[in-house]
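**Student:** File follows, run03.tsv with TSV, C-alpha atoms and all ligand atoms:
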chain	number	residue	atom	x	y	z
A	1	MET	CA	-35.08	-12.38	2.79
A	2	SER	CA	-34.51	-9.15	4.70
A	3	VAL	CA	-31.03	-7.68	4.94
A	4	GLU	CA	-29.60	-5.70	7.84
A	5	TYR	CA	-26.66	-3.36	7.46
A	6	ARG	CA	-24.34	-2.34	10.28
A	7	ARG	CA	-20.82	-1.16	10.95
A	8	ALA	CA	-18.21	-3.89	11.13
A	9	VAL	CA	-16.42	-4.23	14.47
A	10	ALA	CA	-13.22	-5.93	15.59
A	11	ASP	CA	-15.21	-9.02	16.63
A	12	ASP	CA	-16.17	-9.55	12.98
A	13	LEU	CA	-12.54	-10.22	12.03
A	14	ASP	CA	-12.77	-14.05	12.02
A	15	VAL	CA	-15.92	-14.06	9.90
A	16	LEU	CA	-14.55	-11.46	7.50
A	17	MET	CA	-11.29	-13.36	7.03
A	18	GLY	CA	-13.23	-16.55	6.28
A	19	LEU	CA	-15.20	-14.72	3.60
A	20	GLU	CA	-12.13	-12.87	2.31
A	21	GLN	CA	-10.22	-16.11	1.72
A	22	SER	CA	-13.11	-17.88	0.04
A	23	LEU	CA	-14.17	-14.92	-2.14
A	24	PHE	CA	-10.81	-13.43	-3.19
A	25	ALA	CA	-8.47	-16.45	-3.35
A	26	ASN	CA	-5.10	-15.10	-4.59
A	27	ASP	CA	-6.10	-11.47	-3.89
A	28	ALA	CA	-7.18	-12.12	-0.27
A	29	TRP	CA	-5.89	-9.66	2.32
A	30	SER	CA	-3.89	-10.82	5.29
A	31	ARG	CA	-5.49	-10.97	8.73
A	32	GLU	CA	-3.15	-8.19	9.88
A	33	LEU	CA	-4.24	-5.87	7.07
A	34	MET	CA	-7.93	-6.55	7.68
A	35	ALA	CA	-7.52	-5.96	11.43
A	36	ALA	CA	-5.71	-2.69	10.76
A	37	GLU	CA	-8.48	-1.54	8.43
A	38	LEU	CA	-11.18	-2.31	11.00
A	39	ALA	CA	-9.26	-0.34	13.64
A	40	ASN	CA	-8.51	2.68	11.41
A	41	PRO	CA	-10.81	5.63	12.25
A	42	GLN	CA	-10.38	6.93	8.69
A	43	CYS	CA	-12.04	3.74	7.42
A	44	LEU	CA	-15.67	2.78	7.42
A	45	TYR	CA	-16.40	-0.95	7.16
A	46	LEU	CA	-19.92	-2.28	6.86
A	47	VAL	CA	-21.42	-5.76	6.92
A	48	ALA	CA	-24.75	-7.01	5.60
A	49	GLU	CA	-26.52	-9.78	7.49
A	50	GLN	CA	-29.28	-12.17	6.49
A	51	SER	CA	-30.79	-14.34	9.23
A	52	GLY	CA	-27.95	-13.31	11.54
A	53	GLU	CA	-25.21	-14.44	9.11
A	54	VAL	CA	-22.76	-12.01	7.53
A	55	VAL	CA	-23.31	-12.33	3.77
A	56	ALA	CA	-21.40	-9.26	2.56
A	57	TYR	CA	-18.93	-6.62	3.62
A	58	SER	CA	-17.36	-3.51	2.25
A	59	GLY	CA	-14.92	-0.81	3.25
A	60	ILE	CA	-13.94	2.72	2.32
A	61	VAL	CA	-11.18	5.02	3.52
A	62	VAL	CA	-11.76	8.77	3.66
A	63	ALA	CA	-8.80	11.13	3.75
A	64	PRO	CA	-9.11	13.37	6.82
A	65	GLY	CA	-10.38	16.78	5.77
A	66	GLY	CA	-9.47	16.08	2.17
A	67	PRO	CA	-11.54	15.60	-0.94
A	68	GLU	CA	-10.53	12.00	-1.60
A	69	SER	CA	-11.92	8.62	-0.62
A	70	ASP	CA	-11.12	5.11	-1.83
A	71	VAL	CA	-13.36	2.08	-1.91
A	72	GLN	CA	-11.13	-0.58	-0.38
A	73	THR	CA	-13.19	-3.71	-0.86
A	74	ILE	CA	-16.65	-5.11	-1.41
A	75	ALA	CA	-17.82	-8.70	-1.54
A	76	VAL	CA	-21.08	-10.61	-1.35
A	77	VAL	CA	-21.34	-14.40	-0.89
A	78	ALA	CA	-22.47	-16.20	-4.05
A	79	GLU	CA	-25.87	-17.20	-2.58
A	80	ALA	CA	-26.79	-13.58	-1.78
A	81	ARG	CA	-25.81	-11.92	-5.08
A	82	ARG	CA	-28.08	-9.95	-7.42
A	83	GLN	CA	-30.33	-8.79	-4.58
A	84	GLY	CA	-28.94	-5.25	-4.54
A	85	ILE	CA	-26.76	-5.81	-1.45
A	86	ALA	CA	-23.54	-4.46	-3.00
A	87	ARG	CA	-25.39	-1.47	-4.41
A	88	GLU	CA	-26.80	-0.65	-0.96
A	89	LEU	CA	-23.41	-1.12	0.77
A	90	LEU	CA	-21.83	1.29	-1.73
A	91	ARG	CA	-24.66	3.78	-1.29
A	92	LEU	CA	-24.26	3.76	2.50
A	93	MET	CA	-20.46	4.10	2.32
A	94	LEU	CA	-20.50	6.88	-0.26
A	95	ASP	CA	-23.11	8.81	1.75
A	96	GLU	CA	-20.87	8.57	4.80
A	97	ALA	CA	-17.76	9.57	2.80
A	98	SER	CA	-19.67	12.54	1.47
A	99	SER	CA	-20.74	13.58	4.95
A	100	ARG	CA	-17.10	13.33	6.09
A	101	GLY	CA	-16.13	15.82	3.37
A	102	ALA	CA	-15.10	13.57	0.48
A	103	ARG	CA	-15.86	14.98	-2.94
A	104	GLU	CA	-14.57	12.13	-5.07
A	105	THR	CA	-13.98	8.44	-4.66
A	106	PHE	CA	-11.69	5.99	-6.43
A	107	LEU	CA	-11.40	2.23	-6.68
A	108	GLU	CA	-9.44	-0.46	-8.49
A	109	VAL	CA	-11.09	-3.44	-10.10
A	110	ARG	CA	-9.58	-6.36	-11.99
A	111	VAL	CA	-9.97	-5.95	-15.74
A	112	ASP	CA	-11.21	-9.56	-15.82
A	113	ASN	CA	-14.10	-8.79	-13.43
A	114	PRO	CA	-16.88	-7.47	-15.70
A	115	GLY	CA	-19.60	-8.07	-13.09
A	116	ALA	CA	-18.02	-5.70	-10.58
A	117	GLN	CA	-17.31	-3.17	-13.33
A	118	ALA	CA	-20.99	-3.27	-14.35
A	119	LEU	CA	-21.99	-2.58	-10.74
A	120	TYR	CA	-19.62	0.39	-10.48
A	121	GLU	CA	-20.68	1.84	-13.84
A	122	LEU	CA	-24.30	1.59	-12.76
A	123	LEU	CA	-23.42	3.72	-9.74
A	124	GLY	CA	-21.69	6.38	-11.83
A	125	PHE	CA	-18.04	5.32	-11.68
A	126	VAL	CA	-16.00	5.88	-14.83
A	127	GLY	CA	-12.72	4.27	-15.82
A	128	ILE	CA	-9.81	6.71	-15.74
A	129	ALA	CA	-6.63	4.61	-15.91
A	130	VAL	CA	-5.16	1.12	-16.05
A	131	ARG	CA	-2.52	-0.08	-13.61
A	132	PRO	CA	-0.57	-2.87	-15.30
A	133	ARG	CA	-0.08	-6.11	-13.33
A	134	TYR	CA	-1.57	-4.54	-10.20
A	135	TYR	CA	-2.98	-7.84	-8.93
A	136	MET	CA	-0.18	-10.22	-8.05
A	137	PRO	CA	0.62	-13.11	-8.23
A	138	ASP	CA	-1.91	-13.34	-11.08
A	139	GLY	CA	-0.36	-10.40	-12.97
A	140	VAL	CA	-3.80	-9.00	-13.84
A	141	ASP	CA	-4.24	-5.30	-14.68
A	142	ALA	CA	-6.42	-3.02	-12.56
A	143	LEU	CA	-8.90	-0.57	-14.00
A	144	VAL	CA	-8.94	2.58	-11.85
A	145	MET	CA	-12.44	4.07	-11.61
A	146	LYS	CA	-13.58	7.40	-10.22
A	147	LYS	CA	-16.87	8.92	-9.12
A	148	GLU	CA	-17.61	12.51	-8.12
A	149	LEU	CA	-19.55	12.78	-4.86
A	150	PRO	CA	-22.23	15.37	-4.12
A	201	LIG	C1	-19.38	-7.77	-7.61
A	201	LIG	C2	-20.29	-8.11	-6.41
A	201	LIG	C3	-19.79	-7.35	-5.18
A	201	LIG	C4	-21.73	-7.65	-6.76
A	201	LIG	O1	-22.54	-7.88	-5.60
A	201	LIG	P1	-24.14	-8.00	-5.71
A	201	LIG	O2	-24.72	-7.81	-4.36
A	201	LIG	O3	-24.49	-9.26	-6.45
A	201	LIG	O4	-24.49	-6.77	-6.64
A	201	LIG	P2	-25.93	-6.06	-6.72
A	201	LIG	O5	-27.01	-7.09	-6.57
A	201	LIG	O6	-25.96	-4.89	-5.82
A	201	LIG	O7	-25.90	-5.58	-8.24
A	201	LIG	C5	-26.40	-4.31	-8.63
A	201	LIG	C6	-26.28	-4.21	-10.14
A	201	LIG	O8	-24.89	-4.29	-10.53
A	201	LIG	C7	-24.79	-5.03	-11.76
A	201	LIG	N1	-24.14	-6.32	-11.50
A	201	LIG	C8	-23.80	-6.85	-10.31
A	201	LIG	N2	-23.18	-8.05	-10.47
A	201	LIG	C9	-23.15	-8.27	-11.80
A	201	LIG	C10	-22.65	-9.34	-12.60
A	201	LIG	N3	-22.05	-10.42	-12.05
A	201	LIG	N4	-22.78	-9.26	-13.94
A	201	LIG	C11	-23.35	-8.18	-14.51
A	201	LIG	N5	-23.86	-7.12	-13.81
A	201	LIG	C12	-23.76	-7.17	-12.47
A	201	LIG	C13	-26.22	-5.26	-12.23
A	201	LIG	O9	-26.60	-4.13	-12.98
A	201	LIG	C14	-26.97	-5.31	-10.91
A	201	LIG	O10	-28.34	-5.00	-11.04
A	201	LIG	P3	-29.38	-6.19	-11.45
A	201	LIG	O11	-29.12	-7.36	-10.58
A	201	LIG	O12	-30.73	-5.54	-11.22
A	201	LIG	O13	-29.11	-6.49	-12.91
A	201	LIG	C15	-20.32	-9.65	-6.16
A	201	LIG	O14	-20.56	-10.31	-7.38
A	201	LIG	C16	-19.05	-10.20	-5.54
A	201	LIG	O15	-18.89	-10.19	-4.32
A	201	LIG	N6	-18.12	-10.71	-6.36
A	201	LIG	C17	-16.87	-11.32	-5.84
A	201	LIG	C18	-15.98	-10.30	-5.18
A	201	LIG	C19	-15.70	-9.13	-6.10
A	201	LIG	O16	-15.48	-9.30	-7.29
A	201	LIG	N7	-15.70	-7.92	-5.50
A	201	LIG	C20	-15.37	-6.70	-6.22
A	201	LIG	C21	-13.90	-6.46	-6.17
A	201	LIG	S1	-13.44	-4.97	-7.05
Would it be possible to restate this file's structure as structure tokens?
Ligand SMILES: CC(C)(COP(=O)(O)OP(=O)(O)OC[C@H]1O[C@@H](n2cnc3c(N)ncnc32)[C@H](O)[C@@H]1OP(=O)(O)O)[C@@H](O)C(=O)NCCC(=O)NCCS

**Tutor:**
Amino acid sequence: MSVEYRRAVADDLDVLMGLEQSLFANDAWSRELMAAELANPQCLYLVAEQSGEVVAYSGIVVAPGGPESDVQTIAVVAEARRQGIARELLRLMLDEASSRGARETFLEVRVDNPGAQALYELLGFVGIAVRPRYYMPDGVDALVMKKELP
């Protein structure tokens, strides 16, 4: 099935919050935080659609004029996984971060999420630190990963 990628807009908030709550459970962002991210010009949020339905989304924040960027989130609904959608979302976001002047990007991932870690390693991210009990209320550590951008 073909996939279309586009920028997320404020009108996507309801759909994104529905996905956020079903995909991240205890780690789900609040509606206020998601709305603020969508409205932040330093952020780039993308959605992927199949047959007109949003099946994935991702976001990155790029420091203005600085070398740093941070992958904020990425998620794909279970039925649309392992089709390369997350890889393409990351590619599009990192290209845009690069064109905005970012030279490196960081992210945090739960240490108990080997699938996401495999995706990031495939794309050239390397683990650089562990943040103990970063994910609350579960008390799960975060692995901090970094990738140099061209
Ligand atoms: C992690 C996630 C975003 C991956 O999305 P996806 O669209 O299925 O990933 P892709 O199809 O682009 O995967 C690209 C490659 O990454 C690796 N990969 C992705 N998911 C993997 C998994 N569950 N186990 C092992 N490797 C995986 C594989 O090498 C894969 O290539 P392959 O399918 O040819 O083997 C998705 O599983 C998800 O939304 N999970 C729940 C939310 C989440 O954990 N988000 C990350 C928070 S840090």

**Student:** Neighbours of Leu94 of chain A within 10 Å (all atoms listed in the file; same-chain residues fewer than 5 positions away dropped), as number ranges by chain?

**Tutor:** A: 44, 60, 62, 69-71, 88-89, 99-100, 102-105, 147, 149-150

**Student:** Which residue, A:Met145, A:Val54, A:Met1, A:Ala86, has the smallest gap to ligand LIG 201 (chain A) when you use only C-alpha atoms and all ligand atoms?

**Tutor:**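 Comparing A:Met145, A:Val54, A:Met1, A:Ala86 against ligand LIG 201 (chain A), the winner is A:Ala86.
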
**Student:** Just how far from atom C18 of ligand LIG 201 (chain A) is atom CA of Ala129 of chain A, in Å to one decimal?

**Tutor:**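 Calculated distance between atom CA of Ala129 of chain A and atom C18 of ligand LIG 201 (chain A) is 20.6 Å.
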
**Student:** Would you list the contacts of Tyr120 of chain A as a short mmCIF file (atom, residue, chain, number, x, y, z; two decimals) with C-alpha atoms, keeping the file's coordinate frame, taking every protein, DNA or RNA residue within 10 Å and counting only C-alpha atoms, but skipping same-chain residues closer than 2 positions in sequence?

**Tutor:**
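Output below, filename result08.cif:
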data_model
loop_
_atom_site.label_atom_id
_atom_site.label_comp_id
_atom_site.auth_asym_id
_atom_site.auth_seq_id
_atom_site.Cartn_x
_atom_site.Cartn_y
_atom_site.Cartn_z
CA ALA A 86 -23.54 -4.46 -3.00
CA ARG A 87 -25.39 -1.47 -4.41
CA LEU A 90 -21.83 1.29 -1.73
CA LEU A 107 -11.40 2.23 -6.68
CA VAL A 109 -11.09 -3.44 -10.10
CA PRO A 114 -16.88 -7.47 -15.70
CA GLY A 115 -19.60 -8.07 -13.09
CA ALA A 116 -18.02 -5.70 -10.58
CA GLN A 117 -17.31 -3.17 -13.33
CA ALA A 118 -20.99 -3.27 -14.35
CA LEU A 122 -24.30 1.59 -12.76
CA LEU A 123 -23.42 3.72 -9.74
CA GLY A 124 -21.69 6.38 -11.83
CA PHE A 125 -18.04 5.32 -11.68
CA VAL A 126 -16.00 5.88 -14.83
CA GLY A 127 -12.72 4.27 -15.82
CA MET A 145 -12.44 4.07 -11.61
CA LYS A 146 -13.58 7.40 -10.22
CA LYS A 147 -16.87 8.92 -9.12
#

**Student:** Have a look at atom CA of Asp27 of chain A and atom CA of Tyr57 of chain A and let me know their distance in Å, one decimal.

**Tutor:**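 Taking atom CA of Asp27 of chain A and atom CA of Tyr57 of chain A, their separation equals 15.6 Å.
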
**Student:** Given the choices A:Leu38, A:Leu23, A:Leu92, A:Ala10, which gets closest to ligand LIG 201 (chain A) if the distance is worked out from only C-alpha atoms and all ligand atoms?

**Tutor:**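 Of A:Leu38, A:Leu23, A:Leu92, A:Ala10, the one nearest ligand LIG 201 (chain A), counting only C-alpha atoms and all ligand atoms, is A:Leu23.
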
**Student:** List as a PyMOL selection string the residues having at least one atom at most 7 Å from position (-3.9, -6.1, -13.0) as given in the file, counting all atoms listed in the file.

**Tutor:** chain A and resi 110-111+131-135+139-142

**Student:** Find the smallest box with edges along x, y and z containing every listed atom of ligand LIG 201 (chain A), then add 6 Å on each side and report centre and edge lengths in Å to one decimal, as JSON.

**Tutor:**
{"center_x": -22.1, "center_y": -7.7, "center_z": -9.4, "size_x": 29.3, "size_y": 19.2, "size_z": 22.2}

**Student:** Quick one: pull the distance between atom CA of Pro137 of chain A and atom CA of Ala28 of chain A, Å, one decimal.

**Tutor:**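 These two atoms are separated by 11.2 Å.
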
**Student:** Closest to ligand LIG 201 (chain A) among A:Val9, A:Val3, A:Met136, A:Val15, using all atoms listed in the file?

**Tutor:**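 Ranking A:Val9, A:Val3, A:Met136, A:Val15 by distance to ligand LIG 201 (chain A), first place goes to A:Val3.
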
**Student:** Measuring between all atoms listed in the file, which one of A:Ile128, A:Gln83, A:Trp29, A:Asp95 shows the shortest distance to Ala56 of chain A?

**Tutor:**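 The closest residue to Ala56 of chain A is A:Gln83.
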
**Student:** Using all atoms listed in the file, which of A:Arg31, A:Arg7, A:Arg81, A:Arg91 sits nearest ligand LIG 201 (chain A)?

**Tutor:**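 Going through A:Arg31, A:Arg7, A:Arg81, A:Arg91 one by one, the smallest distance to ligand LIG 201 (chain A) is for A:Arg81.
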
**Student:** Between A:Glu148, A:Glu68, A:Asp14, A:Glu121, which one has atoms that come closest to ligand LIG 201 (chain A), using all atoms listed in the file?

**Tutor:**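 The answer is A:Glu121, which sits nearest to ligand LIG 201 (chain A).
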